[in-house]
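Structure file structure-v6.tsv (TSV, C-alpha atoms) is printed below.
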```tsv
chain	number	residue	atom	x	y	z
D	30	MET	CA	70.17	80.30	10.88
D	31	ALA	CA	66.57	80.91	11.87
D	32	ASP	CA	67.49	84.45	12.90
D	33	GLU	CA	69.17	85.08	9.55
D	34	LEU	CA	66.18	83.74	7.62
D	35	GLU	CA	63.91	86.04	9.61
D	36	LEU	CA	66.08	89.04	8.74
D	37	LEU	CA	66.10	88.13	5.05
D	38	ARG	CA	62.34	87.65	5.13
D	39	ARG	CA	61.96	91.31	6.04
D	40	ALA	CA	63.00	92.26	2.53
D	41	ASN	CA	59.45	91.34	1.50
D	42	PRO	CA	56.66	93.89	2.07
D	43	VAL	CA	54.91	93.67	5.45
D	44	PRO	CA	51.09	93.87	5.55
D	45	VAL	CA	49.69	97.25	6.58
D	46	ASP	CA	48.01	95.72	9.61
D	47	ALA	CA	51.22	94.06	10.86
D	48	PRO	CA	52.05	94.90	14.49
D	49	HIS	CA	54.50	97.76	15.03
D	50	PHE	CA	57.34	97.90	17.51
D	51	GLY	CA	57.46	100.77	19.99
D	52	ASP	CA	58.81	104.05	18.67
D	53	GLY	CA	62.36	105.01	19.52
D	54	PRO	CA	66.06	105.33	18.54
D	55	LEU	CA	68.78	102.76	18.05
D	56	ASP	CA	72.43	102.77	17.01
D	57	HIS	CA	73.80	102.15	13.46
D	58	HIS	CA	77.10	100.32	12.99
D	59	ALA	CA	78.81	101.72	9.91
D	60	GLU	CA	81.45	99.40	8.47
D	61	GLN	CA	84.30	101.29	10.11
D	62	ARG	CA	82.69	100.96	13.53
D	63	LEU	CA	81.86	97.27	12.97
D	64	ASN	CA	85.54	96.58	12.39
D	65	ARG	CA	86.51	98.53	15.53
D	66	LEU	CA	83.98	96.74	17.71
D	67	LEU	CA	84.94	93.29	16.43
D	68	HIS	CA	88.68	93.49	15.98
D	69	GLU	CA	90.23	96.62	17.49
D	70	GLN	CA	90.34	98.61	20.71
D	71	THR	CA	87.15	100.66	20.96
D	72	PRO	CA	87.39	104.46	21.30
D	73	GLY	CA	86.15	106.40	24.30
D	74	PRO	CA	82.59	107.70	24.66
D	75	ARG	CA	83.08	111.07	22.99
D	76	SER	CA	84.94	109.67	19.98
D	77	ARG	CA	82.42	106.81	19.72
D	78	ALA	CA	79.58	109.30	19.50
D	79	ARG	CA	81.43	111.25	16.83
D	80	LEU	CA	81.81	108.09	14.73
D	81	ALA	CA	78.06	107.99	14.41
D	82	TRP	CA	78.07	111.62	13.28
D	83	GLY	CA	80.51	111.20	10.42
D	84	LEU	CA	78.11	111.62	7.50
D	85	GLY	CA	78.70	114.56	5.19
D	86	ALA	CA	76.32	117.17	3.84
D	87	ALA	CA	75.24	114.82	1.05
D	88	ALA	CA	73.64	112.55	3.61
D	89	ALA	CA	71.60	115.35	5.10
D	90	VAL	CA	70.46	116.53	1.66
D	91	ALA	CA	69.34	112.99	0.91
D	92	ALA	CA	67.41	112.87	4.19
D	93	LEU	CA	65.46	115.99	3.24
D	94	ALA	CA	64.56	114.56	-0.14
D	95	LEU	CA	63.47	111.28	1.44
D	96	THR	CA	60.57	113.01	3.19
D	97	LEU	CA	58.83	113.26	-0.15
D	98	VAL	CA	59.65	109.65	-0.99
D	99	LEU	CA	58.57	108.06	2.26
D	100	GLY	CA	55.46	110.05	3.09
D	101	GLY	CA	53.60	113.34	2.96
D	102	PRO	CA	53.85	116.23	5.41
D	103	THR	CA	51.73	114.43	8.02
D	104	THR	CA	53.53	111.07	7.70
D	105	PRO	CA	56.77	110.65	9.65
D	106	PRO	CA	59.48	109.31	7.31
D	107	ALA	CA	61.31	106.11	8.16
D	108	VAL	CA	64.49	108.13	8.63
D	109	ALA	CA	62.93	110.52	11.16
D	110	ALA	CA	64.77	110.84	14.45
D	111	PRO	CA	63.19	108.65	17.12
D	112	ARG	CA	61.82	110.12	20.32
D	113	PRO	CA	63.45	109.42	23.71
D	114	LEU	CA	62.03	106.61	25.80
D	115	VAL	CA	59.49	107.81	28.33
D	116	VAL	CA	59.40	106.54	31.90
D	117	GLN	CA	55.94	105.42	33.05
D	118	ALA	CA	54.72	108.16	35.38
D	119	ASP	CA	53.15	105.92	38.07
D	120	SER	CA	55.87	103.25	38.07
D	121	THR	CA	58.07	102.43	41.07
D	122	PRO	CA	61.85	102.60	40.51
D	123	VAL	CA	63.68	99.39	41.40
D	124	PRO	CA	67.11	99.98	43.03
D	125	LEU	CA	69.97	98.19	41.30
D	126	ARG	CA	70.86	96.33	44.49
D	127	LEU	CA	67.35	94.85	44.60
D	128	LEU	CA	67.61	93.96	40.93
D	129	ALA	CA	70.97	92.32	41.66
D	130	GLU	CA	69.29	90.11	44.30
D	131	ARG	CA	66.64	89.06	41.77
D	132	ALA	CA	69.30	88.34	39.15
D	133	GLY	CA	71.28	86.28	41.65
D	134	ARG	CA	68.26	84.11	42.38
D	135	ASP	CA	67.53	83.76	38.67
D	136	ALA	CA	71.11	82.62	38.04
D	137	ALA	CA	70.94	79.80	40.60
D	138	ASP	CA	70.29	77.15	37.94
D	139	ARG	CA	72.91	78.69	35.58
D	140	SER	CA	70.40	78.88	32.75
D	141	PRO	CA	70.50	80.31	30.15
D	142	GLY	CA	74.20	79.96	29.52
D	143	LEU	CA	76.77	82.32	28.05
D	144	ARG	CA	76.96	82.40	24.24
D	145	LYS	CA	79.55	84.07	22.05
D	146	GLY	CA	77.96	86.28	19.41
D	147	THR	CA	75.28	88.94	19.44
D	148	HIS	CA	71.90	89.97	18.03
D	149	VAL	CA	71.40	93.72	18.20
D	150	LEU	CA	69.12	96.33	16.68
D	151	SER	CA	70.65	99.76	16.51
D	152	TRP	CA	69.84	103.34	15.54
D	153	SER	CA	72.28	106.26	15.33
D	154	MET	CA	72.25	109.90	14.34
D	155	GLY	CA	74.19	111.18	11.35
D	156	MET	CA	74.79	114.93	11.20
D	157	SER	CA	76.26	117.65	9.03
D	158	GLN	CA	76.90	121.31	9.77
D	159	ASP	CA	74.34	122.73	7.34
D	160	LYS	CA	71.44	120.23	7.18
D	161	PRO	CA	69.12	118.52	9.69
D	162	PRO	CA	70.30	115.23	11.25
D	163	ILE	CA	69.25	111.86	9.87
D	164	THR	CA	68.77	108.48	11.56
D	165	LEU	CA	70.27	105.19	10.38
D	166	ALA	CA	68.88	101.83	11.51
D	167	GLN	CA	70.40	98.36	11.27
D	168	GLU	CA	70.11	94.87	12.68
D	169	ARG	CA	73.23	92.77	13.22
D	170	ILE	CA	73.63	89.07	14.00
D	171	VAL	CA	76.99	87.47	14.81
D	172	ARG	CA	77.07	83.69	15.25
D	173	TRP	CA	80.07	81.60	16.27
D	174	LYS	CA	80.58	77.94	15.32
D	175	ALA	CA	82.25	75.08	17.16
D	176	ASP	CA	85.39	75.41	15.01
D	177	ASP	CA	85.87	79.05	16.18
D	178	THR	CA	84.81	80.51	12.85
D	179	HIS	CA	81.96	82.99	12.80
D	180	THR	CA	79.54	84.79	10.50
D	181	GLU	CA	78.19	88.33	10.59
D	182	LEU	CA	74.96	89.44	8.94
D	183	VAL	CA	74.04	93.14	8.83
D	184	VAL	CA	70.61	94.18	7.55
D	185	ALA	CA	69.08	97.62	7.04
D	186	THR	CA	65.77	97.61	8.89
D	187	ASP	CA	63.73	99.84	11.18
D	188	PRO	CA	61.06	97.98	13.16
D	189	ARG	CA	59.21	101.25	13.74
D	190	HIS	CA	58.26	101.19	10.04
D	191	PRO	CA	58.05	97.54	8.89
D	192	GLY	CA	58.11	97.08	5.15
D	193	ARG	CA	59.08	100.67	4.38
D	194	PRO	CA	62.37	101.78	2.76
D	195	VAL	CA	65.35	102.33	5.05
D	196	LEU	CA	68.27	104.72	4.72
D	197	SER	CA	71.64	102.99	4.33
D	198	ASP	CA	75.17	104.32	3.82
D	199	GLU	CA	76.87	101.03	3.00
D	200	ASP	CA	78.73	102.52	0.01
D	201	GLY	CA	79.57	105.78	1.73
D	202	GLU	CA	76.65	107.54	0.05
D	203	PRO	CA	73.27	107.46	1.80
D	204	SER	CA	70.51	105.90	-0.27
D	205	LEU	CA	67.14	104.24	0.19
D	206	VAL	CA	67.09	100.44	0.30
D	207	GLU	CA	64.32	97.92	0.88
D	208	ASP	CA	63.49	96.91	4.42
D	209	GLY	CA	65.62	93.82	5.06
D	210	HIS	CA	68.30	94.80	2.55
D	211	VAL	CA	71.53	92.90	3.31
D	212	VAL	CA	74.22	95.49	3.98
D	213	SER	CA	76.91	92.87	4.48
D	214	ARG	CA	77.24	89.14	4.98
D	215	GLN	CA	80.67	87.91	5.96
D	216	SER	CA	82.40	84.77	7.18
D	217	PHE	CA	85.53	84.88	9.32
D	218	GLY	CA	88.20	82.28	9.91
D	219	PRO	CA	89.10	80.78	13.30
D	220	SER	CA	89.97	83.19	16.10
D	221	TRP	CA	91.38	82.09	19.43
D	222	SER	CA	92.12	85.42	21.08
D	223	ASP	CA	92.28	85.26	24.88
D	224	ALA	CA	92.06	89.05	25.36
D	225	PRO	CA	88.84	90.85	26.29
D	226	PRO	CA	86.31	91.22	24.77
D	227	GLU	CA	87.08	88.09	22.71
D	228	SER	CA	87.71	85.95	25.79
D	229	PRO	CA	84.70	84.81	27.87
D	230	PRO	CA	83.62	87.37	30.49
D	231	PRO	CA	83.85	86.28	34.14
D	232	HIS	CA	80.79	86.05	36.38
D	233	ASP	CA	82.39	87.69	39.40
D	234	PRO	CA	81.79	91.49	39.69
D	235	THR	CA	85.39	92.37	40.63
D	236	ARG	CA	86.91	90.31	37.84
D	237	LEU	CA	84.25	91.52	35.41
D	238	ARG	CA	85.20	95.14	36.11
D	239	ALA	CA	88.85	94.38	35.36
D	240	TYR	CA	87.77	92.55	32.20
D	241	LEU	CA	85.72	95.52	30.96
D	242	GLN	CA	88.53	97.93	31.77
D	243	GLU	CA	91.01	95.85	29.76
D	244	ALA	CA	88.57	95.53	26.87
D	245	ASP	CA	87.79	99.22	26.48
D	246	TYR	CA	89.89	101.49	28.72
D	247	ARG	CA	93.24	99.91	29.41
D	248	ASP	CA	94.92	103.07	30.69
D	249	ALA	CA	92.15	104.52	32.85
D	250	SER	CA	89.91	103.60	35.73
D	251	LEU	CA	86.31	103.10	34.67
D	252	THR	CA	84.05	106.08	35.26
D	253	THR	CA	80.31	105.45	35.05
D	254	PRO	CA	79.96	106.64	31.41
D	255	GLN	CA	83.01	104.59	30.48
D	256	LEU	CA	81.51	101.58	32.24
D	257	LEU	CA	78.30	101.98	30.25
D	258	ASP	CA	80.29	102.19	27.02
D	259	ALA	CA	82.23	99.07	28.00
D	260	VAL	CA	78.95	97.25	28.65
D	261	GLY	CA	77.94	98.09	25.08
D	262	VAL	CA	81.20	96.65	23.75
D	263	LEU	CA	80.69	93.49	25.81
D	264	LEU	CA	77.15	92.98	24.52
D	265	ASP	CA	78.29	93.53	20.94
D	266	HIS	CA	80.46	90.43	21.38
D	267	TRP	CA	78.59	88.18	23.83
D	268	THR	CA	75.05	87.14	24.68
D	269	LEU	CA	75.32	86.92	28.45
D	270	GLY	CA	74.07	84.00	30.48
D	271	ALA	CA	72.26	84.24	33.81
D	272	GLN	CA	75.47	84.19	35.84
D	273	GLU	CA	77.09	86.96	33.79
D	274	ASP	CA	73.90	89.03	33.96
D	275	ALA	CA	73.92	88.74	37.75
D	276	ALA	CA	77.58	89.78	37.97
D	277	LEU	CA	76.99	92.76	35.69
D	278	VAL	CA	74.04	94.02	37.77
D	279	ARG	CA	76.11	93.77	40.95
D	280	LEU	CA	78.87	95.76	39.24
D	281	LEU	CA	76.44	98.41	38.00
D	282	ALA	CA	74.91	98.71	41.47
D	283	ASP	CA	78.18	100.32	42.62
D	284	ALA	CA	78.35	102.76	39.68
D	285	GLU	CA	78.34	106.35	40.92
D	286	GLY	CA	75.49	108.50	39.62
D	287	LEU	CA	73.50	105.69	37.99
D	288	ARG	CA	70.01	106.06	39.46
D	289	PRO	CA	66.70	104.20	39.03
D	290	VAL	CA	63.88	106.18	37.44
D	291	GLY	CA	61.08	103.65	36.87
D	292	GLU	CA	59.53	101.45	34.22
D	293	VAL	CA	59.81	101.91	30.46
D	294	THR	CA	58.71	99.98	27.40
D	295	ASP	CA	61.71	99.55	25.16
D	296	ARG	CA	61.80	99.83	21.39
D	297	LEU	CA	60.99	96.16	20.91
D	298	GLY	CA	57.94	96.35	23.16
D	299	ARG	CA	59.67	94.80	26.18
D	300	ARG	CA	59.03	96.02	29.73
D	301	GLY	CA	62.14	97.12	31.55
D	302	GLN	CA	63.49	99.13	34.45
D	303	ALA	CA	65.38	102.28	33.48
D	304	TYR	CA	68.56	103.60	35.11
D	305	VAL	CA	69.86	107.04	34.19
D	306	TYR	CA	73.25	108.71	34.32
D	307	ASP	CA	73.36	112.46	33.65
D	308	GLY	CA	76.80	113.25	32.28
D	309	SER	CA	78.51	116.04	30.40
D	310	GLY	CA	76.57	116.64	27.19
D	311	ALA	CA	74.56	113.43	27.29
D	312	ARG	CA	72.03	111.53	29.35
D	313	ARG	CA	72.50	107.76	29.34
D	314	MET	CA	69.54	105.48	29.99
D	315	LEU	CA	70.19	101.80	30.66
D	316	ILE	CA	67.15	99.52	30.28
D	317	MET	CA	67.22	96.21	32.17
D	318	ASP	CA	64.94	93.21	32.49
D	319	PRO	CA	63.14	93.63	35.85
D	320	ALA	CA	63.32	89.90	36.65
D	321	THR	CA	66.69	88.69	35.35
D	322	GLY	CA	68.77	91.86	35.27
D	323	ALA	CA	69.67	91.32	31.62
D	324	VAL	CA	70.52	94.51	29.72
D	325	LEU	CA	67.84	95.18	27.11
D	326	GLY	CA	68.98	98.53	25.74
D	327	LEU	CA	71.11	101.62	26.11
D	328	GLU	CA	70.08	105.12	25.00
D	329	SER	CA	72.13	108.30	24.70
D	330	THR	CA	70.24	111.62	24.59
D	331	ALA	CA	71.74	115.08	24.10
D	332	THR	CA	71.58	117.45	27.08
D	333	VAL	CA	73.54	120.22	25.36
D	334	ALA	CA	72.57	121.75	22.02
D	335	GLU	CA	75.12	121.89	19.19
D	336	PRO	CA	73.44	124.22	16.66
D	337	GLU	CA	76.25	123.87	14.13
D	338	TRP	CA	75.36	120.16	13.86
D	339	GLY	CA	71.61	120.62	14.11
D	340	LEU	CA	71.63	118.87	17.49
D	341	LYS	CA	68.95	119.93	19.97
D	342	ILE	CA	68.56	119.16	23.66
D	343	GLY	CA	66.54	115.96	23.95
D	344	ASP	CA	67.67	114.50	20.60
D	345	VAL	CA	68.44	110.79	20.74
D	346	MET	CA	71.97	110.32	19.45
D	347	GLU	CA	72.24	106.56	19.79
D	348	TYR	CA	70.27	103.53	20.87
D	349	ASN	CA	70.99	99.79	21.00
D	350	ALA	CA	68.57	96.96	21.77
D	351	TRP	CA	70.10	93.54	22.44
D	352	MET	CA	68.28	90.23	22.09
D	353	ARG	CA	68.97	86.58	22.76
```

Taking this structure as input, can you express it in the form of structure tokens?
Amino acid sequence: MADELELLRRANPVPVDAPHFGDGPLDHHAEQRLNRLLHEQTPGPRSRARLAWGLGAAAAVAALALTLVLGGPTTPPAVAAPRPLVVQADSTPVPLRLLAERAGRDAADRSPGLRKGTHVLSWSMGMSQDKPPITLAQERIVRWKADDTHTELVVATDPRHPGRPVLSDEDGEPSLVEDGHVVSRQSFGPSWSDAPPESPPPHDPTRLRAYLQEADYRDASLTTPQLLDAVGVLLDHWTLGAQEDAALVRLLADAEGLRPVGEVTDRLGRRGQAYVYDGSGARRMLIMDPATGAVLGLESTATVAEPEWGLKIGDVMEYNAWMR
């Protein structure tokens, strides 16, 4: 409840001198995607990215007009595309196996524990074929109760620009709303599904891999990009405990092509270690807590231009930041 009150509080203007979060992109969960993540099998990485790009030309036209509403030519609008996270030049990369050892030690007292539900800030890119891309930002809190009912609160907010209007497409038409505007607030009846990702994740790496495969890719072995997508699905359902964090780091340590690149400051101002996978068309950056191994964020950046969509190399297509 405290988290929900904090989100609702953001509907009020924030003082000019209020502290800002670090600049950067996060993923937006449109209603269709929310339903997929919560109740259906999640699509593969390419189709998931396309879901975030489903806005029509009207959205892009609105984004252009918003520049005049949200600021002058020298003021970046709240809907401006965020910049990619930058690795600190003089930082030392931490191998995932070393991070797994740290996470294992941190999990010795089994605290904190696993909790069903999530708290995630997300940004995503919406594109059309004839107008520049736009960025949508939301915060989502899912809380489960002892009777197996749960609530979901979705708020339009962009911590890069506290107190300023935010672009929302809750009715299918993009429009400006106040920071902290409630996009949806829902209550759900009891659910006792024992299938991943509704069932509790195991804290053994081998079993966790099978769990993630069943949750997101039932008919295929998990490639590294698929594994990263499955991690996102997991964290959109569960707030992992120390034991689950340790198991996940050990699993990721065996992921082919996922390499350490150094320290970053994530979009909520948290220090993390970054791990990058360069795939076809996109560069994935996983940000992890350097002490506990907890996943802090996941960024997807374009490595191939798609001029017909206004997509340039280096554009951030999607970003998620998870919190406890």

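Nearest to Ala118 (chain D) of all the residues D:Leu256, D:Asp200, D:Ala166, D:Glu292 is D:Glu292, counting all atoms listed in the file.
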
With only C-alpha atoms as the atoms that count, which of D:Ala323, D:Ile342, D:Ile316, D:Leu287 lies nearest to Thr268 (chain D)?
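Closest to Thr268 (chain D), using only C-alpha atoms: D:Ala323.
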
Which of these, D:Arg193, D:His266, D:Arg134, D:Arg172, has the shortest distance to Ser228 (chain D) once you count all atoms listed in the file?
D:His266

Gly146 (chain D): which residues within 12 Å, counting only C-alpha atoms, same-chain residues fewer than 5 positions away excluded, as an mmCIF file with C-alpha atoms, in the frame of the given file?
```cif
data_model
loop_
_atom_site.group_PDB
_atom_site.id
_atom_site.type_symbol
_atom_site.label_atom_id
_atom_site.label_comp_id
_atom_site.auth_asym_id
_atom_site.auth_seq_id
_atom_site.Cartn_x
_atom_site.Cartn_y
_atom_site.Cartn_z
ATOM 1 C CA LEU D 67 84.940 93.290 16.430
ATOM 2 C CA ARG D 169 73.230 92.770 13.220
ATOM 3 C CA ILE D 170 73.630 89.070 14.000
ATOM 4 C CA VAL D 171 76.990 87.470 14.810
ATOM 5 C CA ARG D 172 77.070 83.690 15.250
ATOM 6 C CA TRP D 173 80.070 81.600 16.270
ATOM 7 C CA LYS D 174 80.580 77.940 15.320
ATOM 8 C CA ASP D 177 85.870 79.050 16.180
ATOM 9 C CA THR D 178 84.810 80.510 12.850
ATOM 10 C CA HIS D 179 81.960 82.990 12.800
ATOM 11 C CA THR D 180 79.540 84.790 10.500
ATOM 12 C CA GLU D 181 78.190 88.330 10.590
ATOM 13 C CA LEU D 182 74.960 89.440 8.940
ATOM 14 C CA PRO D 226 86.310 91.220 24.770
ATOM 15 C CA GLU D 227 87.080 88.090 22.710
ATOM 16 C CA SER D 228 87.710 85.950 25.790
ATOM 17 C CA PRO D 229 84.700 84.810 27.870
ATOM 18 C CA VAL D 262 81.200 96.650 23.750
ATOM 19 C CA LEU D 263 80.690 93.490 25.810
ATOM 20 C CA LEU D 264 77.150 92.980 24.520
ATOM 21 C CA ASP D 265 78.290 93.530 20.940
ATOM 22 C CA HIS D 266 80.460 90.430 21.380
ATOM 23 C CA TRP D 267 78.590 88.180 23.830
ATOM 24 C CA THR D 268 75.050 87.140 24.680
ATOM 25 C CA LEU D 269 75.320 86.920 28.450
ATOM 26 C CA GLY D 270 74.070 84.000 30.480
ATOM 27 C CA TRP D 351 70.100 93.540 22.440
ATOM 28 C CA MET D 352 68.280 90.230 22.090
ATOM 29 C CA ARG D 353 68.970 86.580 22.760
#
```

Of the listed residues D:Ala271, D:Val260, D:Leu205, D:Val195, that which approaches Gly142 (chain D) most closely, counting only C-alpha atoms
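Nearest candidate to Gly142 (chain D) out of D:Ala271, D:Val260, D:Leu205, D:Val195: D:Ala271.
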
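Taking CA of Pro122 (chain D) and CA of Gln302 (chain D) as the two end points, the separation is 7.2 Å.
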
What is the CA of Pro113 (chain D)-CA of Val345 (chain D) distance in Å, reported with one decimal?
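Computing the Euclidean distance for CA of Pro113 (chain D) and CA of Val345 (chain D) yields 6.0 Å.
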
Go through D:Val211, D:Leu127, D:Ala224, D:Met314 one by one, measure the shortest atom-to-atom distance of each to Thr253 (chain D) using all atoms listed in the file, and give the residue with the smallest value.
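Nearest candidate to Thr253 (chain D) out of D:Val211, D:Leu127, D:Ala224, D:Met314: D:Met314.
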
Give me the residues within 10 Å of Gly133 (chain D) as a ChimeraX atom specification, counting all atoms listed in the file and dropping any in the same chain fewer than 4 places off.
/D:127-129,137-139,271-276,278-279,321-322
